[in-house]
>>> print(open('model19.txt').read())   # compact mmCIF, C-alpha atoms
# COMPACT_ATOMS: atom_id res chain seq x y z
CA MET N 1 0.00 0.00 0.00
CA LYS N 2 1.36 3.38 -0.96
CA ILE N 3 0.63 6.65 0.82
CA ASP N 4 0.37 9.72 -1.38
CA PRO N 5 2.17 12.92 -0.26
CA LYS N 6 -1.05 14.75 0.66
CA THR N 7 -2.19 11.92 2.94
CA LEU N 8 1.26 11.72 4.49
CA GLU N 9 1.16 15.46 5.20
CA GLU N 10 -2.19 15.07 6.91
CA LEU N 11 -0.96 12.11 8.93
CA ILE N 12 2.14 14.01 10.06
CA ALA N 13 -0.01 17.04 11.03
CA LEU N 14 -2.36 14.78 12.99
CA ALA N 15 0.60 13.25 14.80
CA LYS N 16 2.06 16.68 15.60
CA ASP N 17 -1.19 18.35 16.71
CA LYS N 18 -3.07 15.54 18.41
CA ASN N 19 -0.42 12.86 18.96
CA VAL N 20 -2.49 10.38 16.93
CA TYR N 21 -0.68 7.86 14.79
CA LEU N 22 -1.71 4.99 12.57
CA GLU N 23 -1.57 1.72 14.48
CA GLY N 24 -2.09 -1.99 14.09
CA ASN N 25 -1.40 -4.29 11.18
CA VAL N 26 -2.14 -1.56 8.63
CA LEU N 27 1.37 -0.18 9.35
CA LYS N 28 2.87 -3.40 8.02
CA THR N 29 1.02 -3.06 4.76
CA ILE N 30 2.43 0.41 3.99
CA ASP N 31 5.32 0.27 1.51
CA PRO N 32 8.25 2.19 2.96
CA ASP N 33 10.03 4.56 0.58
CA PRO N 34 13.76 4.95 1.31
CA ASN N 35 13.75 8.19 -0.72
CA ASP N 36 11.10 9.72 1.51
CA PRO N 37 12.66 10.43 4.94
CA GLN N 38 9.41 11.90 6.26
CA LEU N 39 7.49 8.70 5.53
CA THR N 40 10.32 6.59 6.94
CA GLN N 41 10.41 8.63 10.13
CA TYR N 42 6.63 8.59 10.48
CA LEU N 43 6.44 4.82 10.01
CA GLN N 44 9.28 4.23 12.49
CA GLU N 45 7.59 6.38 15.12
CA ALA N 46 4.16 4.83 14.52
CA LEU N 47 5.55 1.28 14.63
CA SER N 48 7.51 2.00 17.77
CA ARG N 49 4.43 3.36 19.56
CA ASP N 50 2.27 0.50 18.32
CA GLN N 51 4.77 -2.08 19.55
CA SER N 52 5.04 -0.33 22.91
CA HIS N 53 1.24 -0.43 23.35
CA ARG N 54 1.11 -4.07 22.27
CA ARG N 55 3.88 -4.96 24.69
CA LYS N 56 2.08 -3.26 27.57
CA ARG N 57 -1.19 -4.94 26.69
CA LEU N 58 0.51 -8.31 26.37
CA ASP N 59 2.09 -7.94 29.80
CA ILE N 60 -1.23 -6.98 31.38
CA THR N 61 -3.12 -9.75 29.60
CA ARG N 62 -0.52 -12.34 30.59
CA HIS N 63 -0.69 -11.16 34.19
CA THR N 64 -4.51 -11.31 34.12
CA GLN N 65 -4.39 -14.76 32.54
CA ALA N 66 -2.06 -16.02 35.26
CA GLN N 67 -4.34 -14.56 37.95
CA ASN N 68 -7.34 -16.14 36.23
CA THR N 69 -5.67 -19.54 36.28
CA GLU N 70 -4.88 -19.17 39.98
CA LEU N 71 -8.44 -18.09 40.73
CA LEU N 72 -9.83 -21.09 38.90
CA LYS N 73 -7.53 -23.40 40.87
CA THR N 74 -8.59 -21.75 44.13
CA LYS N 75 -12.24 -22.02 43.11
CA LYS N 76 -11.86 -25.76 42.55
CA LYS N 77 -10.18 -26.17 45.94
CA LEU N 78 -12.94 -24.18 47.65
CA GLU N 79 -15.66 -26.21 45.92
CA LEU N 80 -13.98 -29.38 47.12
CA ALA N 81 -13.66 -28.00 50.65
CA LEU N 82 -17.34 -26.96 50.56
CA THR N 83 -18.42 -30.46 49.51
CA GLU N 84 -16.31 -31.98 52.28
CA ALA N 85 -17.74 -29.53 54.84
CA GLN N 86 -21.30 -30.31 53.72
CA ASP N 87 -20.63 -34.04 54.01
CA ALA N 88 -19.13 -33.56 57.47
CA LYS N 89 -22.12 -31.43 58.49
CA SER N 90 -24.53 -34.09 57.27
CA ILE N 91 -22.68 -36.79 59.23
CA ALA N 92 -22.59 -34.59 62.35
CA GLU N 93 -26.35 -33.91 62.03
CA GLN N 94 -27.04 -37.64 61.75
CA ASP N 95 -24.85 -38.33 64.80
CA LEU N 96 -26.62 -35.58 66.77
CA THR N 97 -30.07 -36.94 65.88
CA LEU N 98 -28.96 -40.40 66.91
CA LEU N 99 -27.56 -39.06 70.19
CA GLN N 100 -30.77 -37.14 70.90
CA LYS N 101 -32.87 -40.23 70.25
CA LYS N 102 -30.66 -42.34 72.50
CA SER N 103 -31.01 -39.78 75.29
CA GLN N 104 -34.78 -39.64 74.80
CA PHE N 105 -35.09 -43.42 74.95
CA LYS N 106 -32.94 -43.58 78.03
CA LEU N 107 -35.15 -41.01 79.76
CA ILE N 108 -38.38 -42.73 78.69
CA ASN N 109 -37.03 -46.09 79.83
CA ARG N 110 -36.02 -44.60 83.16
CA VAL N 111 -39.42 -43.02 83.72
CA ALA N 112 -41.15 -46.27 82.71
CA ASN N 113 -38.90 -48.30 84.98
CA ILE N 114 -39.49 -46.03 87.99
CA SER N 115 -43.25 -46.03 87.35
CA LEU N 116 -43.36 -49.82 87.13
CA PHE N 117 -41.18 -50.10 90.22
CA ILE N 118 -43.58 -47.91 92.18
CA ILE N 119 -46.57 -49.85 90.84
CA VAL N 120 -45.01 -53.23 91.69
CA SER N 121 -43.84 -52.00 95.12
CA ILE N 122 -47.30 -50.76 96.02
CA SER N 123 -48.84 -54.01 94.72
CA ILE N 124 -46.44 -56.10 96.79
CA ALA N 125 -46.96 -53.94 99.89
CA ALA N 126 -50.74 -54.06 99.59
CA THR N 127 -50.72 -57.81 98.90
CA LEU N 128 -48.42 -58.36 101.91
CA VAL N 129 -50.73 -56.41 104.21
CA TYR N 130 -53.74 -58.30 102.86
CA SER N 131 -51.96 -61.63 103.25
CA ILE N 132 -50.93 -60.84 106.84
CA ALA N 133 -54.49 -59.79 107.64
CA LEU N 134 -55.85 -63.01 106.06
CA ALA N 135 -53.28 -65.14 107.91
CA LYS N 136 -54.12 -63.58 111.26
CA GLY N 137 -57.82 -64.14 110.63
CA MET N 138 -58.65 -60.44 110.84
CA TYR N 139 -61.76 -58.83 109.39
CA VAL N 140 -60.74 -58.32 105.73
CA ASP N 141 -64.00 -57.40 103.94
CA ASN N 142 -63.02 -53.68 103.68
CA ILE N 143 -59.42 -54.52 102.80
CA SER N 144 -60.39 -57.06 100.10
CA SER N 145 -62.49 -54.62 98.07
CA THR N 146 -59.83 -51.93 98.45
CA TRP N 147 -57.15 -54.44 97.45
CA ASN N 148 -59.18 -55.48 94.39
CA SER N 149 -59.64 -51.86 93.29
CA LEU N 150 -56.00 -51.05 93.98
CA MET N 151 -54.76 -54.06 91.99
CA GLY N 152 -57.06 -53.13 89.12
CA ILE N 153 -55.82 -49.54 89.05
CA LEU N 154 -52.18 -50.59 89.40
CA LEU N 155 -52.47 -53.19 86.62
CA SER N 156 -54.19 -50.76 84.24
CA ASN N 157 -51.54 -48.11 85.04
CA ALA N 158 -48.76 -50.65 84.46
CA PHE N 159 -50.23 -51.59 81.08
CA SER N 160 -50.65 -47.87 80.25
CA VAL N 161 -46.99 -47.21 80.97
CA LEU N 162 -45.93 -50.19 78.87
CA ALA N 163 -48.26 -49.29 76.00
CA THR N 164 -47.08 -45.64 76.00
CA THR N 165 -43.42 -46.71 75.95
CA MET N 166 -44.06 -49.18 73.09
CA GLY N 167 -46.08 -46.54 71.21
CA ILE N 168 -43.31 -43.93 71.43
CA LYS N 169 -40.74 -46.47 70.27
CA TYR N 170 -42.93 -47.55 67.34
CA ALA N 171 -43.61 -43.95 66.29
CA SER N 172 -39.89 -43.09 66.43
CA ASP N 173 -38.90 -46.17 64.37
CA LYS N 174 -41.56 -45.28 61.77
CA SER N 175 -40.25 -41.70 61.42
CA ASP N 176 -36.69 -43.07 61.01
CA LYS N 177 -37.77 -45.35 58.17
CA GLU N 178 -39.57 -42.42 56.45
CA MET Q 1 7.86 -13.83 5.90
CA LEU Q 2 4.29 -13.13 6.99
CA ILE Q 3 1.75 -15.95 7.19
CA ASP Q 4 -1.24 -14.77 5.20
CA SER Q 5 -3.89 -15.79 7.72
CA ILE Q 6 -4.07 -17.78 10.93
CA LEU Q 7 -7.04 -19.34 12.68
CA LEU Q 8 -6.86 -19.83 16.45
CA VAL Q 9 -9.41 -22.12 18.11
CA ASP Q 10 -9.33 -21.64 21.88
CA ASP Q 11 -12.09 -21.28 24.45
CA GLU Q 12 -10.03 -18.87 26.57
CA SER Q 13 -10.69 -15.36 25.24
CA LEU Q 14 -7.82 -13.85 27.25
CA PHE Q 15 -5.45 -16.10 25.34
CA HIS Q 16 -6.84 -14.72 22.08
CA LEU Q 17 -5.47 -11.30 23.10
CA VAL Q 18 -2.12 -12.77 24.18
CA PHE Q 19 -1.78 -14.65 20.91
CA GLU Q 20 -2.83 -11.64 18.84
CA ASP Q 21 -0.31 -9.32 20.50
CA ALA Q 22 2.46 -11.90 20.31
CA CYS Q 23 1.77 -12.44 16.59
CA ASN Q 24 1.79 -8.70 16.00
CA LEU Q 25 5.04 -8.11 17.91
CA LEU Q 26 6.71 -10.99 16.05
CA ASP Q 27 5.27 -9.97 12.65
CA ILE Q 28 3.81 -13.43 12.17
CA THR Q 29 0.55 -12.58 10.42
CA LEU Q 30 -1.64 -9.74 9.28
CA GLN Q 31 -4.91 -11.64 9.58
CA LEU Q 32 -5.77 -13.50 12.75
CA ILE Q 33 -9.18 -15.11 13.16
CA THR Q 34 -10.04 -16.33 16.66
CA VAL Q 35 -12.94 -18.61 17.56
CA ALA Q 36 -13.91 -20.01 20.93
CA SER Q 37 -15.36 -23.43 20.04
CA ALA Q 38 -15.08 -26.38 17.68
CA ASP Q 39 -18.69 -25.81 16.57
CA GLU Q 40 -17.89 -22.24 15.44
CA THR Q 41 -14.86 -23.63 13.60
CA GLU Q 42 -16.99 -26.10 11.70
CA LYS Q 43 -19.26 -23.27 10.57
CA LEU Q 44 -16.16 -21.45 9.27
CA CYS Q 45 -14.95 -24.62 7.55
CA LYS Q 46 -18.23 -24.86 5.66
CA LYS Q 47 -17.67 -21.30 4.44
CA TRP Q 48 -14.23 -22.36 3.14
CA ILE Q 49 -15.80 -25.17 1.17
CA ASP Q 50 -18.57 -22.90 -0.19
CA GLY Q 51 -15.94 -20.36 -1.21
CA GLU Q 52 -17.45 -17.64 0.98
CA MET Q 53 -14.19 -17.39 2.86
CA LYS Q 54 -10.55 -18.06 2.08
CA LYS Q 55 -9.07 -21.03 3.93
CA PRO Q 56 -6.53 -19.95 6.55
CA ASP Q 57 -2.92 -20.89 5.87
CA CYS Q 58 -2.33 -22.02 9.41
CA VAL Q 59 -4.59 -23.33 12.18
CA PHE Q 60 -3.79 -23.53 15.88
CA VAL Q 61 -6.18 -25.68 17.90
CA ASP Q 62 -6.40 -25.81 21.69
CA LEU Q 63 -6.38 -29.34 23.10
CA ASN Q 64 -9.33 -28.93 25.45
CA ILE Q 65 -12.05 -26.72 24.03
CA VAL Q 66 -14.63 -26.27 26.78
CA GLY Q 67 -18.25 -26.28 25.59
CA SER Q 68 -17.56 -28.00 22.28
CA SER Q 69 -18.97 -31.22 20.90
CA VAL Q 70 -15.49 -32.43 19.91
CA ASP Q 71 -12.05 -31.95 21.46
CA GLY Q 72 -9.00 -30.37 19.81
CA ILE Q 73 -7.58 -33.59 18.42
CA GLU Q 74 -10.88 -34.62 16.83
CA LEU Q 75 -11.17 -31.15 15.33
CA VAL Q 76 -7.68 -31.42 13.82
CA HIS Q 77 -8.68 -34.77 12.30
CA LYS Q 78 -11.91 -33.28 10.91
CA ILE Q 79 -10.15 -30.28 9.36
CA ASN Q 80 -7.55 -32.57 7.79
CA THR Q 81 -9.99 -35.11 6.41
CA THR Q 82 -13.41 -33.51 5.92
CA TYR Q 83 -12.54 -29.94 5.05
CA GLY Q 84 -9.48 -30.54 2.97
CA ASN Q 85 -5.81 -30.54 3.86
CA GLY Q 86 -3.03 -28.25 2.73
CA THR Q 87 -3.51 -26.11 5.80
CA VAL Q 88 -0.64 -26.18 8.26
CA ILE Q 89 -2.33 -27.37 11.45
CA GLY Q 90 -1.22 -28.07 14.99
CA ILE Q 91 -2.11 -28.08 18.65
CA ILE Q 92 -1.48 -25.29 21.13
CA SER Q 93 -1.84 -26.44 24.72
CA SER Q 94 -0.41 -26.14 28.23
CA SER Q 95 -0.37 -29.94 28.42
CA THR Q 96 2.65 -32.04 27.41
CA ASP Q 97 0.99 -35.41 27.87
CA LYS Q 98 2.74 -38.00 25.70
CA LYS Q 99 -0.47 -39.92 24.96
CA GLU Q 100 -2.21 -36.76 23.76
CA ILE Q 101 0.81 -35.86 21.60
CA ASP Q 102 0.68 -39.32 20.00
CA LYS Q 103 -3.05 -38.91 19.34
CA ALA Q 104 -2.38 -35.50 17.76
CA ILE Q 105 0.22 -37.05 15.44
CA ASP Q 106 -2.29 -39.72 14.40
CA ALA Q 107 -4.90 -37.03 13.73
CA GLY Q 108 -2.53 -35.27 11.33
CA ALA Q 109 -1.23 -32.43 13.47
CA GLN Q 110 2.15 -31.16 12.34
CA PHE Q 111 3.29 -29.43 15.53
CA TRP Q 112 2.55 -28.92 19.21
CA ILE Q 113 3.19 -25.55 20.82
CA VAL Q 114 3.27 -25.50 24.60
CA LYS Q 115 1.14 -22.69 25.96
CA SER Q 116 2.76 -20.79 28.77
CA ASP Q 117 3.24 -17.27 30.13
CA ASP Q 118 6.04 -16.75 27.66
CA ILE Q 119 4.75 -17.94 24.33
CA GLU Q 120 6.73 -15.54 22.17
CA PRO Q 121 9.96 -17.59 21.85
CA ARG Q 122 7.93 -20.65 20.79
CA LEU Q 123 5.98 -18.66 18.24
CA ALA Q 124 9.22 -17.09 16.94
CA GLN Q 125 10.64 -20.57 16.47
CA PHE Q 126 7.47 -21.72 14.77
CA LYS Q 127 7.60 -18.73 12.41
CA ARG Q 128 11.11 -19.75 11.33
CA ASP Q 129 9.89 -23.31 10.63
CA TYR Q 130 6.61 -22.34 8.96
CA GLU Q 131 7.92 -22.51 5.38
CA GLY Q 132 9.10 -26.04 6.07
CA TYR Q 133 5.60 -27.08 7.19
CA LYS Q 134 3.98 -25.37 4.22
CA ASN Q 135 6.32 -26.96 1.66
CA LYS Q 136 6.33 -30.26 3.56
CA THR Q 137 10.11 -30.11 3.89
CA ILE Q 138 9.57 -30.62 7.61
CA ASP Q 139 7.94 -34.02 7.65
CA HIS Q 140 8.35 -34.82 11.32
CA PHE Q 141 6.16 -33.74 14.21
CA LYS Q 142 7.74 -31.01 16.34
CA VAL Q 143 7.02 -29.97 19.93
CA TYR Q 144 7.85 -26.33 20.74
CA ASN Q 145 8.59 -26.40 24.46
>>> encode(input="model19.txt", output="structure tokens")
Amino acid sequence: MKIDPKTLEELIALAKDKNVYLEGNVLKTIDPDPNDPQLTQYLQEALSRDQSHRRKRLDITRHTQAQNTELLKTKKKLELALTEAQDAKSIAEQDLTLLQKKSQFKLINRVANISLFIIVSISIAATLVYSIALAKGMYVDNISSTWNSLMGILLSNAFSVLATTMGIKYASDKSDKE
Amino acid sequence: MLIDSILLVDDESLFHLVFEDACNLLDITLQLITVASADETEKLCKKWIDGEMKKPDCVFVDLNIVGSSVDGIELVHKINTTYGNGTVIGIISSSTDKKEIDKAIDAGAQFWIVKSDDIEPRLAQFKRDYEGYKNKTIDHFKVYN
């Protein structure tokens, strides 16, 4: 590509007044003229500036690219760490639920055991008193009806406690399976 | 000597800028076409066959093109077989895996340029060898490392 003298004049004026030069690959398509020192000087200056800008851009882009690569690596590591943390959290939640259930069952069992102990103790005590009264030939008509009622109440309470304990256990097992 | 036109297939758009500036600083080519996927490349290839576009003289293909239906090596094979050969074609990648290099040779790639922070020396070397690839005087596969 050849540049006519008028265009060259305008380009040189533009460079002088506004510091604007031709840039990019178009510079490589311009045929240099060794007999035209103005054109030679203009092309040298324009090429030098263009190369300087390209060099700066290349350095910045390379630096950005390297940072990008590092960020991607860090992102992968963080994603892995997040997955591991989520897994650990899930396991910890399961362990906590299990622990809570164990504690609940222990408490229920304890309450049931104490209730049954009280019921059995009262039954034994009442039966002992009744037996002693019967053995000594005492008047037991009042005691017998009271003993009957007491045994009935104690038995129904004992079955209630057992049924409640079994019911809670069944309901908890069902929710686990779900 | 300037290469008339180069096609770069790479999903990393930052690398497009790096490659463009390096080519400009080394006076490698005046026309650089960059595409980000194998699918876009195939559309271009069809334009070469239809005559809508001139075939590039040299093609650089990234090994792993994210978001494409084929990888770099399959693309090299396709360009060599389906869309006509005569184009100097090779792989540009940060990997130096021997198995992948062997696959690239089988697919018809002529060179392998290792992508790194400092790609200019490798491209400068490639520029010196380009005539050999074009005239087939370099008949062996070369790795620019």
>>> residues_around(input="model19.txt", residues="Asp117 in chain Q", least_positions_apart="5", cutoff="9 Å", atoms="all atoms listed in the file", output="PDB file with C-alpha atoms, keeping the file's coordinate frame")
ATOM      1  CA  ARG N  62      -0.520 -12.340  30.590  1.00  0.00           C
ATOM      2  CA  HIS N  63      -0.690 -11.160  34.190  1.00  0.00           C
ATOM      3  CA  GLN N  65      -4.390 -14.760  32.540  1.00  0.00           C
ATOM      4  CA  ALA N  66      -2.060 -16.020  35.260  1.00  0.00           C
TER       5      ALA N  66
END
>>> interface_residues(input="model19.txt", of="chain Q", to="chain N", cutoff="8 Å", atoms="all atoms listed in the file", output="list of chain:residue names")
Q:Leu14, Q:Phe15, Q:Leu17, Q:Val18, Q:Asp21, Q:Ala22, Q:Asn24, Q:Leu25, Q:Leu30, Q:Asp117
>>> residues_around(input="model19.txt", residues="Thr87 in chain Q", least_positions_apart="4", cutoff="7 Å", atoms="all atoms listed in the file", output="PDB file with C-alpha atoms, in the coordinates of the input")
ATOM      1  CA  PRO Q  56      -6.530 -19.950   6.550  1.00  0.00           C
ATOM      2  CA  ASP Q  57      -2.920 -20.890   5.870  1.00  0.00           C
ATOM      3  CA  CYS Q  58      -2.330 -22.020   9.410  1.00  0.00           C
TER       4      CYS Q  58
END
>>> atom_distance(input="model19.txt", atom1="CA of Gln110 in chain Q", atom2="CA of Ile91 in chain Q")
8.2 Å
>>> residues_around(input="model19.txt", residues="Lys46 in chain Q", least_positions_apart="6", cutoff="9 Å", atoms="only C-alpha atoms", output="PDB file with C-alpha atoms, in the coordinates of the input")
ATOM      1  CA  GLU Q  52     -17.450 -17.640   0.980  1.00  0.00           C
ATOM      2  CA  MET Q  53     -14.190 -17.390   2.860  1.00  0.00           C
ATOM      3  CA  TYR Q  83     -12.540 -29.940   5.050  1.00  0.00           C
TER       4      TYR Q  83
END
>>> residues_around(input="model19.txt", residues="range 115-132 of chain N", least_positions_apart="2", cutoff="9 Å", atoms="only C-alpha atoms", output="ChimeraX atom specification")
/N:110-113,134-138,140,143-144,147,150-151,154-155,157-158,161-162
>>> atom_distance(input="model19.txt", atom1="CA of Ala88 in chain N", atom2="CA of Lys75 in chain N")
19.7 Å
>>> atom_distance(input="model19.txt", atom1="CA of Lys142 in chain Q", atom2="CA of Val114 in chain Q")
10.9 Å
>>> residues_around(input="model19.txt", residues="Phe141 in chain Q", least_positions_apart="5", cutoff="8 Å", atoms="all atoms listed in the file", output="compact mmCIF listing (two decimals) with C-alpha atoms, in the coordinates of the input")
# COMPACT_ATOMS: atom_id res chain seq x y z
CA ILE Q 105 0.22 -37.05 15.44
CA ALA Q 109 -1.23 -32.43 13.47
CA GLN Q 110 2.15 -31.16 12.34
CA PHE Q 111 3.29 -29.43 15.53
CA TRP Q 112 2.55 -28.92 19.21
>>> closest_residue(input="model19.txt", among="Q:Ser5, Q:Thr96, Q:Thr29, Q:Thr34", to="Lys127 in chain Q", atoms="all atoms listed in the file")
Q:Thr29
>>> closest_residue(input="model19.txt", among="Q:Val70, Q:Ile33, Q:Val143, Q:Val88", to="Lys115 in chain Q", atoms="only C-alpha atoms")
Q:Val143
>>> closest_residue(input="model19.txt", among="Q:Leu8, Q:Ile119, Q:Ile79, Q:Leu63", to="Lys103 in chain Q", atoms="only C-alpha atoms")
Q:Leu63
>>> closest_residue(input="model19.txt", among="Q:Val35, Q:Val9, Q:Ile3, Q:Ile113", to="Gly72 in chain Q", atoms="only C-alpha atoms")
Q:Val9
>>> closest_residue(input="model19.txt", among="Q:Phe19, Q:Leu44, Q:Thr137, Q:Tyr130", to="Leu32 in chain Q", atoms="all atoms listed in the file")
Q:Phe19
>>> closest_residue(input="model19.txt", among="Q:Gly132, Q:Pro121, Q:Cys23, Q:Ile73", to="Asp102 in chain Q", atoms="only C-alpha atoms")
Q:Ile73
>>> residues_near_point(input="model19.txt", point="(6.8, 6.7, 11.6)", cutoff="10 Å", atoms="all atoms listed in the file", output="PyMOL selection string")
chain N and resi 11-12+15+21-22+27+32+37-49
>>> decode(input="model19.txt", residues="range 69-78 of chain N", atoms="all heavy atoms", output="PDB file, in the first residue's frame")
ATOM      1  N   THR N  69      -5.982 -18.128  36.074  1.00  0.00           N
ATOM      2  CA  THR N  69      -5.673 -19.545  36.277  1.00  0.00           C
ATOM      3  C   THR N  69      -5.623 -19.852  37.769  1.00  0.00           C
ATOM      4  O   THR N  69      -6.176 -20.869  38.218  1.00  0.00           O
ATOM      5  CB  THR N  69      -4.327 -19.892  35.625  1.00  0.00           C
ATOM      6  OG1 THR N  69      -4.332 -19.417  34.274  1.00  0.00           O
ATOM      7  CG2 THR N  69      -4.065 -21.375  35.620  1.00  0.00           C
ATOM      8  N   GLU N  70      -4.964 -18.974  38.524  1.00  0.00           N
ATOM      9  CA  GLU N  70      -4.876 -19.166  39.975  1.00  0.00           C
ATOM     10  C   GLU N  70      -6.256 -19.139  40.622  1.00  0.00           C
ATOM     11  O   GLU N  70      -6.561 -19.970  41.491  1.00  0.00           O
ATOM     12  CB  GLU N  70      -4.023 -18.048  40.607  1.00  0.00           C
ATOM     13  CG  GLU N  70      -2.529 -18.290  40.538  1.00  0.00           C
ATOM     14  CD  GLU N  70      -2.106 -19.625  41.116  1.00  0.00           C
ATOM     15  OE1 GLU N  70      -2.486 -19.947  42.260  1.00  0.00           O
ATOM     16  OE2 GLU N  70      -1.412 -20.384  40.404  1.00  0.00           O
ATOM     17  N   LEU N  71      -7.082 -18.203  40.165  1.00  0.00           N
ATOM     18  CA  LEU N  71      -8.445 -18.085  40.726  1.00  0.00           C
ATOM     19  C   LEU N  71      -9.257 -19.339  40.448  1.00  0.00           C
ATOM     20  O   LEU N  71     -10.009 -19.812  41.313  1.00  0.00           O
ATOM     21  CB  LEU N  71      -9.167 -16.863  40.131  1.00  0.00           C
ATOM     22  CG  LEU N  71      -8.761 -15.503  40.685  1.00  0.00           C
ATOM     23  CD1 LEU N  71      -9.373 -14.378  39.872  1.00  0.00           C
ATOM     24  CD2 LEU N  71      -9.199 -15.368  42.140  1.00  0.00           C
ATOM     25  N   LEU N  72      -9.089 -19.876  39.244  1.00  0.00           N
ATOM     26  CA  LEU N  72      -9.829 -21.093  38.898  1.00  0.00           C
ATOM     27  C   LEU N  72      -9.381 -22.262  39.768  1.00  0.00           C
ATOM     28  O   LEU N  72     -10.198 -23.075  40.217  1.00  0.00           O
ATOM     29  CB  LEU N  72      -9.638 -21.430  37.411  1.00  0.00           C
ATOM     30  CG  LEU N  72     -10.413 -20.547  36.432  1.00  0.00           C
ATOM     31  CD1 LEU N  72      -9.960 -20.789  34.999  1.00  0.00           C
ATOM     32  CD2 LEU N  72     -11.907 -20.791  36.538  1.00  0.00           C
ATOM     33  N   LYS N  73      -8.060 -22.319  40.012  1.00  0.00           N
ATOM     34  CA  LYS N  73      -7.532 -23.401  40.867  1.00  0.00           C
ATOM     35  C   LYS N  73      -8.095 -23.257  42.282  1.00  0.00           C
ATOM     36  O   LYS N  73      -8.541 -24.237  42.894  1.00  0.00           O
ATOM     37  CB  LYS N  73      -6.002 -23.296  40.958  1.00  0.00           C
ATOM     38  CG  LYS N  73      -5.262 -23.985  39.839  1.00  0.00           C
ATOM     39  CD  LYS N  73      -3.757 -23.947  40.105  1.00  0.00           C
ATOM     40  CE  LYS N  73      -3.011 -24.187  38.815  1.00  0.00           C
ATOM     41  NZ  LYS N  73      -1.594 -23.871  38.906  1.00  0.00           N
ATOM     42  N   THR N  74      -8.081 -22.007  42.776  1.00  0.00           N
ATOM     43  CA  THR N  74      -8.593 -21.747  44.130  1.00  0.00           C
ATOM     44  C   THR N  74     -10.081 -22.075  44.199  1.00  0.00           C
ATOM     45  O   THR N  74     -10.549 -22.655  45.194  1.00  0.00           O
ATOM     46  CB  THR N  74      -8.365 -20.272  44.511  1.00  0.00           C
ATOM     47  OG1 THR N  74      -7.004 -19.952  44.286  1.00  0.00           O
ATOM     48  CG2 THR N  74      -8.715 -19.995  45.955  1.00  0.00           C
ATOM     49  N   LYS N  75     -10.799 -21.735  43.140  1.00  0.00           N
ATOM     50  CA  LYS N  75     -12.242 -22.017  43.107  1.00  0.00           C
ATOM     51  C   LYS N  75     -12.494 -23.519  43.215  1.00  0.00           C
ATOM     52  O   LYS N  75     -13.366 -23.967  43.970  1.00  0.00           O
ATOM     53  CB  LYS N  75     -12.839 -21.468  41.811  1.00  0.00           C
ATOM     54  CG  LYS N  75     -14.357 -21.586  41.721  1.00  0.00           C
ATOM     55  CD  LYS N  75     -14.861 -21.227  40.354  1.00  0.00           C
ATOM     56  CE  LYS N  75     -16.304 -21.670  40.213  1.00  0.00           C
ATOM     57  NZ  LYS N  75     -16.741 -21.795  38.840  1.00  0.00           N
ATOM     58  N   LYS N  76     -11.701 -24.294  42.506  1.00  0.00           N
ATOM     59  CA  LYS N  76     -11.861 -25.755  42.545  1.00  0.00           C
ATOM     60  C   LYS N  76     -11.604 -26.268  43.956  1.00  0.00           C
ATOM     61  O   LYS N  76     -12.343 -27.119  44.471  1.00  0.00           O
ATOM     62  CB  LYS N  76     -10.871 -26.412  41.591  1.00  0.00           C
ATOM     63  CG  LYS N  76     -11.435 -26.718  40.220  1.00  0.00           C
ATOM     64  CD  LYS N  76     -10.506 -27.564  39.392  1.00  0.00           C
ATOM     65  CE  LYS N  76     -11.090 -27.684  37.998  1.00  0.00           C
ATOM     66  NZ  LYS N  76     -10.189 -28.141  37.000  1.00  0.00           N
ATOM     67  N   LYS N  77     -10.527 -25.729  44.573  1.00  0.00           N
ATOM     68  CA  LYS N  77     -10.180 -26.171  45.938  1.00  0.00           C
ATOM     69  C   LYS N  77     -11.311 -25.822  46.900  1.00  0.00           C
ATOM     70  O   LYS N  77     -11.690 -26.636  47.756  1.00  0.00           O
ATOM     71  CB  LYS N  77      -8.912 -25.450  46.418  1.00  0.00           C
ATOM     72  CG  LYS N  77      -7.632 -26.080  45.938  1.00  0.00           C
ATOM     73  CD  LYS N  77      -6.431 -25.388  46.580  1.00  0.00           C
ATOM     74  CE  LYS N  77      -5.170 -25.780  45.872  1.00  0.00           C
ATOM     75  NZ  LYS N  77      -4.038 -24.933  46.243  1.00  0.00           N
ATOM     76  N   LEU N  78     -11.866 -24.623  46.748  1.00  0.00           N
ATOM     77  CA  LEU N  78     -12.941 -24.180  47.645  1.00  0.00           C
ATOM     78  C   LEU N  78     -14.194 -25.034  47.462  1.00  0.00           C
ATOM     79  O   LEU N  78     -14.877 -25.372  48.435  1.00  0.00           O
ATOM     80  CB  LEU N  78     -13.281 -22.709  47.385  1.00  0.00           C
ATOM     81  CG  LEU N  78     -12.261 -21.700  47.909  1.00  0.00           C
ATOM     82  CD1 LEU N  78     -12.603 -20.292  47.441  1.00  0.00           C
ATOM     83  CD2 LEU N  78     -12.213 -21.717  49.426  1.00  0.00           C
TER      84      LEU N  78
END
